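Structure data (TSV, C-alpha atoms and all ligand atoms) from model.tsv:
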chain	number	residue	atom	x	y	z
A	1	MET	CA	104.12	126.17	108.57
A	2	ASN	CA	101.30	123.78	109.47
A	3	SER	CA	102.54	122.75	112.90
A	4	ALA	CA	99.99	120.10	113.88
A	5	PHE	CA	102.72	118.08	115.58
A	6	PHE	CA	105.04	120.76	116.98
A	7	ASP	CA	102.03	122.45	118.61
A	8	ARG	CA	101.47	119.22	120.52
A	9	ASN	CA	105.10	118.76	121.58
A	10	LEU	CA	105.69	116.11	118.93
A	11	ALA	CA	108.50	115.99	116.37
A	12	GLN	CA	107.26	116.64	112.87
A	13	THR	CA	108.83	115.03	109.81
A	14	THR	CA	107.27	117.04	106.97
A	15	PRO	CA	105.81	120.55	106.65
A	16	PHE	CA	102.49	119.02	105.52
A	17	PRO	CA	101.51	115.94	107.59
A	18	PHE	CA	98.08	114.41	106.94
A	19	GLY	CA	97.13	115.23	110.53
A	20	ILE	CA	94.14	112.84	110.58
A	21	LYS	CA	92.96	112.49	114.19
A	22	VAL	CA	92.46	108.75	114.40
A	23	SER	CA	89.75	107.37	116.67
A	24	LYS	CA	89.81	103.71	115.59
A	25	ALA	CA	90.86	101.37	112.79
A	26	GLU	CA	89.18	98.18	111.71
A	27	GLY	CA	89.74	95.96	108.65
A	28	VAL	CA	90.54	98.24	105.70
A	29	TRP	CA	89.09	101.33	107.41
A	30	ILE	CA	90.54	104.14	109.50
A	31	TYR	CA	88.04	106.38	111.36
A	32	ASP	CA	88.71	109.97	112.34
A	33	ASP	CA	87.45	111.76	115.45
A	34	HIS	CA	84.33	112.92	113.59
A	35	GLY	CA	83.39	109.35	112.63
A	36	ASN	CA	84.45	109.80	108.98
A	37	ARG	CA	86.02	106.70	107.51
A	38	LEU	CA	88.88	106.43	105.04
A	39	MET	CA	89.85	103.27	103.21
A	40	ASP	CA	93.48	102.57	104.09
A	41	LEU	CA	94.81	101.79	100.63
A	42	ILE	CA	98.41	101.86	101.86
A	43	SER	CA	98.12	99.59	104.93
A	44	GLY	CA	99.90	102.20	107.05
A	45	VAL	CA	102.79	101.94	104.54
A	46	GLY	CA	102.98	98.20	104.21
A	47	VAL	CA	102.19	97.19	107.79
A	48	SER	CA	98.52	96.27	108.16
A	49	ASN	CA	98.59	93.45	105.59
A	50	LEU	CA	96.00	91.49	107.57
A	51	GLY	CA	93.77	94.54	108.02
A	52	HIS	CA	93.53	96.70	111.12
A	53	GLY	CA	92.61	95.02	114.39
A	54	GLN	CA	92.89	91.43	113.15
A	55	PRO	CA	91.00	89.59	115.94
A	56	LYS	CA	93.48	86.69	116.37
A	57	VAL	CA	96.40	89.10	116.55
A	58	ILE	CA	94.58	91.26	119.12
A	59	GLN	CA	93.71	88.19	121.19
A	60	ALA	CA	97.34	87.01	121.15
A	61	ILE	CA	98.44	90.46	122.36
A	62	LYS	CA	95.88	90.39	125.19
A	63	ASN	CA	96.89	86.87	126.24
A	64	GLN	CA	100.57	87.82	126.29
A	65	ALA	CA	99.88	91.06	128.17
A	66	ASP	CA	98.26	88.98	130.91
A	67	SER	CA	101.41	86.80	131.22
A	68	TYR	CA	104.43	89.08	130.98
A	69	LEU	CA	105.86	92.06	129.07
A	70	HIS	CA	109.58	92.86	129.07
A	71	VAL	CA	111.57	90.60	131.36
A	72	MET	CA	115.14	90.89	130.06
A	73	VAL	CA	117.25	92.22	127.18
A	74	TYR	CA	117.27	90.03	124.07
A	75	GLY	CA	119.35	86.88	124.19
A	76	GLU	CA	119.36	85.90	127.86
A	77	TYR	CA	115.98	84.36	128.73
A	78	LEU	CA	114.01	81.89	126.66
A	79	GLN	CA	110.63	83.46	126.01
A	80	ALA	CA	107.88	81.32	124.48
A	81	PRO	CA	106.53	84.01	122.10
A	82	GLN	CA	110.01	84.41	120.53
A	83	THR	CA	110.39	80.67	120.12
A	84	LEU	CA	106.94	80.35	118.59
A	85	LEU	CA	107.55	83.20	116.16
A	86	ALA	CA	110.90	81.75	115.05
A	87	GLU	CA	109.27	78.35	114.58
A	88	ARG	CA	106.45	79.75	112.43
A	89	LEU	CA	108.77	81.90	110.36
A	90	ILE	CA	111.30	79.13	109.75
A	91	GLU	CA	108.49	76.82	108.67
A	92	ILE	CA	107.72	79.04	105.66
A	93	LEU	CA	111.33	79.84	104.73
A	94	PRO	CA	113.99	77.91	102.76
A	95	SER	CA	115.91	75.48	104.97
A	96	GLN	CA	119.18	77.46	105.11
A	97	LEU	CA	117.35	80.41	106.67
A	98	ASP	CA	117.03	78.75	110.04
A	99	CYS	CA	117.99	81.39	112.59
A	100	CYS	CA	116.12	84.60	113.46
A	101	TYR	CA	117.38	87.73	115.16
A	102	PHE	CA	114.34	89.82	116.15
A	103	VAL	CA	114.86	93.56	116.56
A	104	ASN	CA	112.61	96.62	116.76
A	105	SER	CA	112.43	98.04	113.27
A	106	GLY	CA	113.34	97.47	109.66
A	107	ALA	CA	116.34	99.79	109.76
A	108	GLU	CA	117.69	98.03	112.81
A	109	ALA	CA	117.40	94.68	111.04
A	110	ILE	CA	119.31	96.14	108.08
A	111	GLU	CA	122.06	97.25	110.49
A	112	ALA	CA	122.24	93.71	111.86
A	113	ALA	CA	122.39	92.19	108.36
A	114	LEU	CA	125.23	94.49	107.25
A	115	LYS	CA	127.23	93.81	110.41
A	116	LEU	CA	126.67	90.08	110.01
A	117	ALA	CA	127.87	90.13	106.39
A	118	LYS	CA	131.08	91.87	107.46
A	119	ARG	CA	131.72	89.32	110.18
A	120	VAL	CA	130.92	86.26	108.05
A	121	THR	CA	133.06	87.33	105.09
A	122	GLY	CA	135.78	89.34	106.83
A	123	ARG	CA	135.25	91.92	104.06
A	124	THR	CA	134.01	95.50	104.21
A	125	ARG	CA	132.86	96.27	100.68
A	126	ILE	CA	129.08	96.65	100.52
A	127	ILE	CA	127.06	96.93	97.33
A	128	SER	CA	123.62	98.44	97.12
A	129	ALA	CA	121.34	99.56	94.30
A	130	ARG	CA	120.46	103.01	93.08
A	131	GLY	CA	116.91	103.90	94.06
A	132	ALA	CA	117.05	101.66	97.14
A	133	TYR	CA	115.48	102.55	100.45
A	134	HIS	CA	116.63	100.59	103.48
A	135	GLY	CA	115.88	102.91	106.40
A	136	SER	CA	116.83	106.12	108.13
A	137	THR	CA	119.57	105.18	110.62
A	138	HIS	CA	123.16	106.02	109.61
A	139	GLY	CA	124.01	102.55	108.31
A	140	ALA	CA	120.69	102.01	106.55
A	141	MET	CA	120.83	105.49	105.05
A	142	SER	CA	124.36	104.79	103.79
A	143	VAL	CA	123.04	101.94	101.68
A	144	SER	CA	119.98	103.88	100.49
A	145	GLY	CA	120.08	105.58	97.14
A	146	ASN	CA	118.31	108.92	97.51
A	147	GLU	CA	121.11	111.50	97.54
A	148	LEU	CA	118.72	114.35	98.41
A	149	LYS	CA	117.89	112.66	101.69
A	150	LYS	CA	121.52	111.71	102.46
A	151	ARG	CA	123.49	114.85	101.69
A	152	ALA	CA	122.81	116.65	104.97
A	153	PHE	CA	124.00	113.71	107.06
A	154	ARG	CA	127.40	112.89	105.60
A	155	PRO	CA	129.87	111.41	106.38
A	156	LEU	CA	128.08	108.08	106.18
A	157	LEU	CA	129.43	104.50	106.09
A	158	PRO	CA	132.57	104.03	103.96
A	159	ASP	CA	133.08	101.35	101.29
A	160	VAL	CA	129.48	101.40	100.05
A	161	HIS	CA	129.11	101.16	96.26
A	162	PHE	CA	126.00	101.62	94.18
A	163	VAL	CA	125.02	99.63	91.10
A	164	ALA	CA	122.10	100.01	88.71
A	165	PHE	CA	119.08	97.92	89.70
A	166	ASN	CA	118.09	95.27	87.16
A	167	ASP	CA	121.14	96.02	85.01
A	168	HIS	CA	123.79	93.50	84.02
A	169	SER	CA	126.60	95.97	84.73
A	170	ALA	CA	125.93	95.25	88.41
A	171	LEU	CA	127.46	91.80	88.07
A	172	GLU	CA	130.97	93.16	87.43
A	173	SER	CA	130.94	94.95	90.78
A	174	ILE	CA	130.52	91.73	92.75
A	175	THR	CA	134.02	90.37	93.39
A	176	LYS	CA	135.92	88.33	95.97
A	177	GLU	CA	136.37	91.62	97.86
A	178	THR	CA	132.63	92.12	98.32
A	179	ALA	CA	131.02	91.36	101.67
A	180	CYS	CA	127.46	91.60	100.47
A	181	ILE	CA	125.04	92.95	97.97
A	182	LEU	CA	121.87	94.28	99.53
A	183	LEU	CA	118.76	94.48	97.36
A	184	GLU	CA	115.08	95.03	97.82
A	185	THR	CA	113.69	92.04	95.94
A	186	ILE	CA	111.23	94.51	94.43
A	187	GLN	CA	112.22	98.14	94.94
A	188	GLY	CA	109.42	99.85	96.86
A	189	ASP	CA	110.16	103.53	97.31
A	190	ALA	CA	111.72	103.77	93.86
A	191	GLY	CA	108.17	103.20	92.57
A	192	ILE	CA	107.68	99.40	92.59
A	193	ARG	CA	110.55	98.38	90.32
A	194	ILE	CA	110.26	94.70	89.49
A	195	PRO	CA	113.53	93.10	88.35
A	196	ASP	CA	113.86	90.35	85.75
A	197	ALA	CA	114.17	86.89	87.27
A	198	LYS	CA	117.25	86.29	85.08
A	199	TRP	CA	118.99	89.32	86.57
A	200	LEU	CA	118.35	88.25	90.15
A	201	GLN	CA	119.43	84.71	89.29
A	202	ALA	CA	122.68	86.00	87.75
A	203	ILE	CA	123.31	88.08	90.90
A	204	ARG	CA	122.68	84.97	93.02
A	205	THR	CA	125.17	82.94	90.95
A	206	LYS	CA	127.84	85.65	91.09
A	207	CYS	CA	127.42	85.92	94.86
A	208	THR	CA	127.90	82.18	95.26
A	209	GLU	CA	130.98	82.21	92.99
A	210	THR	CA	132.64	85.07	94.89
A	211	GLY	CA	131.57	84.20	98.44
A	212	THR	CA	129.52	87.39	98.59
A	213	LEU	CA	126.39	87.29	100.74
A	214	LEU	CA	123.11	88.12	99.05
A	215	ILE	CA	120.93	90.11	101.43
A	216	LEU	CA	117.32	90.61	100.40
A	217	ASP	CA	115.35	93.38	102.05
A	218	GLU	CA	111.72	92.27	102.13
A	219	ILE	CA	110.68	94.68	104.83
A	220	GLN	CA	108.01	95.98	102.47
A	221	ALA	CA	107.72	93.23	99.85
A	222	GLY	CA	107.52	90.29	102.26
A	223	MET	CA	104.71	88.78	104.32
A	224	GLY	CA	102.26	88.22	101.49
A	225	ARG	CA	102.37	91.67	99.96
A	226	THR	CA	103.21	90.40	96.45
A	227	GLY	CA	100.79	87.44	96.47
A	228	LYS	CA	103.30	84.96	97.91
A	229	ASN	CA	104.70	84.76	101.43
A	230	PHE	CA	108.00	86.25	100.23
A	231	ALA	CA	108.76	88.16	97.04
A	232	PHE	CA	111.90	86.11	96.27
A	233	GLU	CA	109.59	83.13	95.62
A	234	HIS	CA	108.59	84.80	92.34
A	235	PHE	CA	112.16	84.82	91.04
A	236	GLY	CA	113.58	81.36	91.71
A	237	ILE	CA	116.31	82.57	94.07
A	238	GLU	CA	117.01	82.43	97.79
A	239	PRO	CA	119.01	84.93	99.85
A	240	ASP	CA	121.79	84.27	102.35
A	241	ILE	CA	120.24	86.81	104.68
A	242	LEU	CA	116.61	87.90	104.63
A	243	VAL	CA	115.51	91.13	106.27
A	244	LEU	CA	111.90	91.56	107.36
A	245	GLY	CA	109.88	94.14	109.27
A	246	LYS	CA	106.66	96.11	108.86
A	247	ALA	CA	103.82	93.58	108.33
A	248	LEU	CA	105.71	90.86	110.22
A	249	GLY	CA	104.66	92.46	113.51
A	250	GLY	CA	100.91	92.31	112.84
A	251	GLY	CA	100.73	96.04	113.70
A	252	LEU	CA	103.42	96.11	116.40
A	253	PRO	CA	107.02	97.28	115.79
A	254	ILE	CA	109.47	94.62	114.68
A	255	GLY	CA	112.42	93.84	112.42
A	256	ALA	CA	114.03	90.50	111.71
A	257	CYS	CA	117.38	89.46	110.31
A	258	VAL	CA	117.15	85.81	109.26
A	259	ALA	CA	120.23	83.78	108.27
A	260	ASN	CA	121.87	80.42	108.67
A	261	LYS	CA	122.88	79.40	112.22
A	262	SER	CA	126.49	78.94	111.10
A	263	HIS	CA	126.50	82.62	110.07
A	264	MET	CA	124.51	83.95	113.00
A	265	GLU	CA	127.08	82.41	115.39
A	266	GLN	CA	129.33	85.31	114.45
A	267	PHE	CA	127.36	87.52	116.83
A	268	THR	CA	127.94	85.12	119.76
A	269	THR	CA	131.73	85.36	120.15
A	270	ASN	CA	134.78	87.39	119.20
A	271	PRO	CA	133.43	89.76	120.33
A	272	MET	CA	130.54	88.25	122.18
A	273	LEU	CA	127.40	90.42	122.13
A	274	GLY	CA	128.23	91.33	118.53
A	275	HIS	CA	124.74	92.71	118.08
A	276	ILE	CA	122.52	93.54	121.02
A	277	THR	CA	119.17	95.14	121.73
A	278	THR	CA	117.13	95.73	124.85
A	279	PHE	CA	113.66	95.40	123.38
A	280	GLY	CA	114.32	93.19	120.34
A	281	GLY	CA	112.15	90.06	120.47
A	282	HIS	CA	109.71	91.75	122.84
A	283	PRO	CA	107.19	89.12	123.99
A	284	LEU	CA	104.12	91.20	123.13
A	285	VAL	CA	105.39	91.90	119.62
A	286	CYS	CA	106.48	88.31	119.02
A	287	ALA	CA	103.09	87.00	120.19
A	288	ALA	CA	101.35	89.34	117.73
A	289	ALA	CA	103.74	88.40	114.92
A	290	ALA	CA	103.37	84.65	115.54
A	291	ALA	CA	99.56	85.00	115.45
A	292	GLY	CA	99.90	87.10	112.28
A	293	ILE	CA	101.90	84.39	110.50
A	294	GLU	CA	99.27	81.84	111.44
A	295	VAL	CA	96.55	84.05	109.92
A	296	LEU	CA	98.67	84.72	106.82
A	297	THR	CA	99.34	81.04	106.19
A	298	LYS	CA	95.96	79.62	107.18
A	299	GLU	CA	93.43	82.29	106.28
A	300	VAL	CA	94.81	84.53	103.55
A	301	ASP	CA	93.85	83.17	100.15
A	302	PHE	CA	96.60	84.18	97.71
A	303	GLU	CA	94.44	83.31	94.71
A	304	GLU	CA	91.91	85.85	95.92
A	305	VAL	CA	94.69	88.38	96.63
A	306	VAL	CA	95.87	88.05	93.03
A	307	LYS	CA	92.29	88.36	91.72
A	308	VAL	CA	91.76	91.57	93.68
A	309	ALA	CA	95.17	92.85	92.52
A	310	ASP	CA	94.30	92.08	88.89
A	311	TYR	CA	91.04	93.98	89.34
A	312	PHE	CA	92.86	97.05	90.74
A	313	ARG	CA	95.36	96.83	87.89
A	314	GLU	CA	92.69	96.59	85.20
A	315	ARG	CA	90.59	99.45	86.55
A	316	LEU	CA	93.52	101.77	87.19
A	317	THR	CA	95.16	101.08	83.82
A	318	ALA	CA	91.84	101.81	82.08
A	319	HIS	CA	91.80	105.49	83.04
A	320	PRO	CA	93.37	107.76	80.40
A	321	LYS	CA	95.02	109.97	83.06
A	322	VAL	CA	97.06	107.00	84.32
A	323	LYS	CA	100.38	106.60	82.50
A	324	GLU	CA	101.46	103.25	83.85
A	325	VAL	CA	100.63	100.80	86.62
A	326	ARG	CA	103.36	98.58	88.08
A	327	ASN	CA	102.46	95.89	90.57
A	328	LYS	CA	103.24	92.49	91.98
A	329	GLY	CA	100.26	91.28	93.97
A	330	LEU	CA	98.90	94.18	96.01
A	331	PHE	CA	102.15	96.19	95.83
A	332	PHE	CA	101.34	99.03	93.42
A	333	ALA	CA	102.78	102.18	91.83
A	334	ILE	CA	100.49	104.31	89.69
A	335	ASP	CA	102.29	106.73	87.40
A	336	MET	CA	100.67	110.08	86.70
A	337	ASP	CA	101.93	112.88	84.47
A	338	ASN	CA	103.65	114.84	87.22
A	339	GLU	CA	103.97	115.54	90.96
A	340	GLU	CA	101.02	117.97	90.95
A	341	GLU	CA	98.67	115.27	89.68
A	342	VAL	CA	99.86	112.93	92.42
A	343	GLN	CA	99.22	115.65	94.99
A	344	HIS	CA	95.71	116.11	93.58
A	345	VAL	CA	94.89	112.39	93.83
A	346	VAL	CA	96.22	112.11	97.38
A	347	ASN	CA	94.28	115.23	98.47
A	348	PHE	CA	91.13	114.04	96.73
A	349	GLY	CA	91.41	110.74	98.59
A	350	LEU	CA	91.76	112.46	101.95
A	351	ALA	CA	88.71	114.62	101.29
A	352	ASN	CA	86.59	111.81	99.86
A	353	GLY	CA	87.45	108.61	101.65
A	354	PHE	CA	90.71	106.85	100.68
A	355	ILE	CA	94.33	107.05	101.71
A	356	GLY	CA	96.96	106.96	98.98
A	357	PHE	CA	100.55	108.10	99.48
A	358	TRP	CA	103.74	109.29	97.83
A	359	PHE	CA	106.98	107.42	97.15
A	360	LEU	CA	110.25	108.82	98.49
A	361	SER	CA	112.07	108.45	95.17
A	362	CYS	CA	109.37	108.50	92.49
A	363	PRO	CA	107.58	111.84	92.59
A	364	ALA	CA	105.19	111.37	89.65
A	365	SER	CA	103.69	108.16	91.08
A	366	PHE	CA	101.47	107.38	94.00
A	367	ARG	CA	101.39	104.15	95.96
A	368	ILE	CA	98.67	101.84	96.99
A	369	ALA	CA	99.26	98.64	98.97
A	370	PRO	CA	95.82	97.67	100.25
A	371	PRO	CA	95.42	95.09	103.03
A	372	LEU	CA	95.55	91.51	101.69
A	373	VAL	CA	92.03	91.01	103.06
A	374	THR	CA	90.52	93.70	100.79
A	375	THR	CA	87.38	92.26	99.22
A	376	MET	CA	86.36	92.67	95.60
A	377	GLU	CA	83.52	94.99	96.71
A	378	GLU	CA	85.95	97.16	98.65
A	379	ALA	CA	88.32	97.18	95.66
A	380	GLU	CA	85.48	98.29	93.41
A	381	TRP	CA	84.52	101.06	95.82
A	382	ALA	CA	88.14	102.26	95.96
A	383	CYS	CA	88.61	102.13	92.18
A	384	ASN	CA	85.40	104.09	91.58
A	385	LEU	CA	86.65	106.77	93.95
A	386	MET	CA	90.12	106.84	92.37
A	387	HIS	CA	88.47	107.24	88.96
A	388	GLN	CA	86.57	110.22	90.35
A	389	ALA	CA	89.90	111.64	91.51
A	390	PHE	CA	91.40	111.17	88.02
A	391	ASP	CA	88.25	112.63	86.37
A	392	ALA	CA	88.61	115.74	88.52
A	393	LEU	CA	92.15	116.40	87.24
A	394	PRO	CA	92.43	119.59	85.22
B	1	LIG	C1	112.33	98.29	101.84
B	1	LIG	C2	112.46	98.95	103.18
B	1	LIG	N1	113.56	98.71	103.92
B	1	LIG	C3	113.72	99.27	105.13
B	1	LIG	C4	112.77	100.12	105.66
B	1	LIG	C5	112.97	100.72	107.02
B	1	LIG	O1	112.10	100.16	107.94
B	1	LIG	P1	111.75	100.95	109.29
B	1	LIG	O2	111.01	102.19	108.89
B	1	LIG	O3	110.92	99.98	110.08
B	1	LIG	O4	113.05	101.26	109.95
B	1	LIG	C6	111.62	100.40	104.93
B	1	LIG	C7	110.61	101.33	105.43
B	1	LIG	O5	109.81	101.90	104.70
B	1	LIG	C8	111.47	99.80	103.64
B	1	LIG	O6	110.37	100.04	102.90
How would this structure read if it were set down as structure tokens?
Amino acid sequence: MNSAFFDRNLAQTTPFPFGIKVSKAEGVWIYDDHGNRLMDLISGVGVSNLGHGQPKVIQAIKNQADSYLHVMVYGEYLQAPQTLLAERLIEILPSQLDCCYFVNSGAEAIEAALKLAKRVTGRTRIISARGAYHGSTHGAMSVSGNELKKRAFRPLLPDVHFVAFNDHSALESITKETACILLETIQGDAGIRIPDAKWLQAIRTKCTETGTLLILDEIQAGMGRTGKNFAFEHFGIEPDILVLGKALGGGLPIGACVANKSHMEQFTTNPMLGHITTFGGHPLVCAAAAAGIEVLTKEVDFEEVVKVADYFRERLTAHPKVKEVRNKGLFFAIDMDNEEEVQHVVNFGLANGFIGFWFLSCPASFRIAPPLVTTMEEAEWACNLMHQAFDALP
């Protein structure tokens, strides 16, 4: 086995890690220790939406580092970076989403959302969708769809039920016994599955009728990835609980569970400390995230993002080796004939200058999710190289 990590006393998650030795990262580029550069077409899996080393985010981190780092577990002291981040996030969200719980990762925010739904409704039945990915902790894995990844870790959470994504049969499963339905607004790891607006709207209505909470996981699809601040804006619906992570932190680790204050109060009493975290809301992370939201809202031009996305779509679709391209904004799945072709494209990229990646639950597709700041010239460069990869297929 290639043991690049184990040999260095690090846990290794696959038998074949990329093993790039990173020396620096800037904009859309990652540089290895020999000075070779690779275009990061996946934004570190949906994180570096603003590009690597965004100067305002870096400056905010430096300023905060000069003031204070950790001072207390979450929920005791009032820390200005947390307040600022909540303020900036609330400003761009629907009015009922007015209370943020900042944690350390996407999975942890999913855990918080599921716990909150149980407390608010007094119910235990949780619905999720086949093909979903919500994280790798026990609770988040319980509501994820990929049986291959789950089997070895059972027993998982009880009373979790799976429905088909974007299928009307799902509506029947939502009843007055249901605590919540948890959905990725656009399924990411299932290969960028974009639901019909009518389906999501019908789910929203059924949730309201039955007192079921609608939780949207926008850990990957949020923060501008789809060409709007949040993916739900494309579908004319709003969630009861929104879960964020990844790009929200501007490159630092974060998760957020956002809900209405009247719901979030459930964590305050009976029992008090209903959800707690030492490092959640860390001042350095919140300072970076707050700066990131300012850049997203003031400097990212969504019209340009959509233009660049349309260009990628057109160029990729044009190659005869590509079976299908699915995207919303710069959130892309490119279907090839089979897993081997995907492997070839990813390997070609590594050898020739771009980073593409697999999906967990869609083996014949590869993902790209370029930074939102990718220019048309950079997009052209990447598409030319991807065409060379497709041309080189047997
Ligand atoms: C949609 C979605 N939800 C949850 C997660 C889990 O987030 P994290 O890896 O930060 O725990 C991910 C991570 O890829 C994700 O894409």
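The smallest atom-to-atom distance between His52 in chain A and any of A:Ile334, A:Met72, A:Leu182, A:Ala25, using all atoms listed in the file, is found for A:Ala25.
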Got a sec: who's within 9 Å of Ser3 in chain A, counting all atoms listed in the file, leaving out chain neighbours fewer than 5 positions off, as a PyMOL selection string?
-> chain A and resi 8+12+15-17
For the contact check between chain A and ligand LIG 1 (chain B), emit one row per residue of chain A within 9 Å, containing the shortest atom pair and the distance in Å rounded to one decimal, counting all atoms listed in the file, chain then rising number order, as CSV.
residue,atom,partner,partner_atom,distance
A:Val45,CA,B:LIG1,O5,7.0
A:Gly46,CA,B:LIG1,O6,7.7
A:Asn104,CA,B:LIG1,O3,7.7
A:Ser105,CA,B:LIG1,O3,4.0
A:Gly106,CA,B:LIG1,O1,3.4
A:Ala107,CA,B:LIG1,O4,3.6
A:Glu108,CA,B:LIG1,O4,6.3
A:Ala109,CA,B:LIG1,O4,8.0
A:Ile110,CA,B:LIG1,C3,7.1
A:Ala132,CA,B:LIG1,C1,7.5
A:Tyr133,CA,B:LIG1,C2,5.4
A:His134,CA,B:LIG1,C3,3.6
A:Gly135,CA,B:LIG1,C5,3.7
A:Ser136,CA,B:LIG1,O4,6.4
A:Thr137,CA,B:LIG1,O4,7.6
A:Ala140,CA,B:LIG1,C3,7.6
A:Ser144,CA,B:LIG1,N1,8.9
A:Leu183,CA,B:LIG1,C1,8.7
A:Glu184,CA,B:LIG1,C1,5.9
A:Thr185,CA,B:LIG1,C1,8.7
A:Ile186,CA,B:LIG1,C1,8.4
A:Gln187,CA,B:LIG1,C1,6.9
A:Gly188,CA,B:LIG1,C1,6.0
A:Asp189,CA,B:LIG1,O6,6.6
A:Asp217,CA,B:LIG1,C1,5.8
A:Glu218,CA,B:LIG1,C1,6.1
A:Ile219,CA,B:LIG1,C2,4.9
A:Gln220,CA,B:LIG1,O6,4.7
A:Ala221,CA,B:LIG1,C1,7.1
A:Val243,CA,B:LIG1,N1,8.2
A:Leu244,CA,B:LIG1,N1,8.1
A:Gly245,CA,B:LIG1,O3,6.0
A:Lys246,CA,B:LIG1,O3,5.9
A:Pro253,CA,B:LIG1,O3,7.4
A:Ile254,CA,B:LIG1,O3,7.2
A:Gly255,CA,B:LIG1,O3,6.7
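Shortest separation to Ala113 in chain A among A:Tyr101, A:Trp358, A:Tyr311, A:Phe153 occurs at residue A:Tyr101, atoms counted being all atoms listed in the file.
Taking CA of Thr208 in chain A as the reference point, CA of Ile241 in chain A is found at 13.0 Å.
Residues in contact with Phe165 in chain A at 8 Å, where all atoms listed in the file are counted and same-chain residues fewer than 2 positions away are skipped, are listed as A:Ala129, A:Arg130, A:Gly131, A:Val163, A:Asp167, A:Ala170, A:Pro195.
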Store the residues of this selection in a file with C-alpha atoms, as a PDB file, in the frame of the given file.
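New file again_27.pdb:
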ATOM      1  CA  ALA A 129     121.340  99.560  94.300  1.00  0.00           C
ATOM      2  CA  ARG A 130     120.460 103.010  93.080  1.00  0.00           C
ATOM      3  CA  GLY A 131     116.910 103.900  94.060  1.00  0.00           C
ATOM      4  CA  VAL A 163     125.020  99.630  91.100  1.00  0.00           C
ATOM      5  CA  ASP A 167     121.140  96.020  85.010  1.00  0.00           C
ATOM      6  CA  ALA A 170     125.930  95.250  88.410  1.00  0.00           C
ATOM      7  CA  PRO A 195     113.530  93.100  88.350  1.00  0.00           C
TER       8      PRO A 195
END
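Using only C-alpha atoms, the nearest neighbour of Phe357 in chain A within the list A:Asp40, A:Glu76, A:Asp66, A:Asp32 is A:Asp40.
Atom pair CA of Gly227 in chain A / CA of Thr374 in chain A: separated by 12.8 Å.
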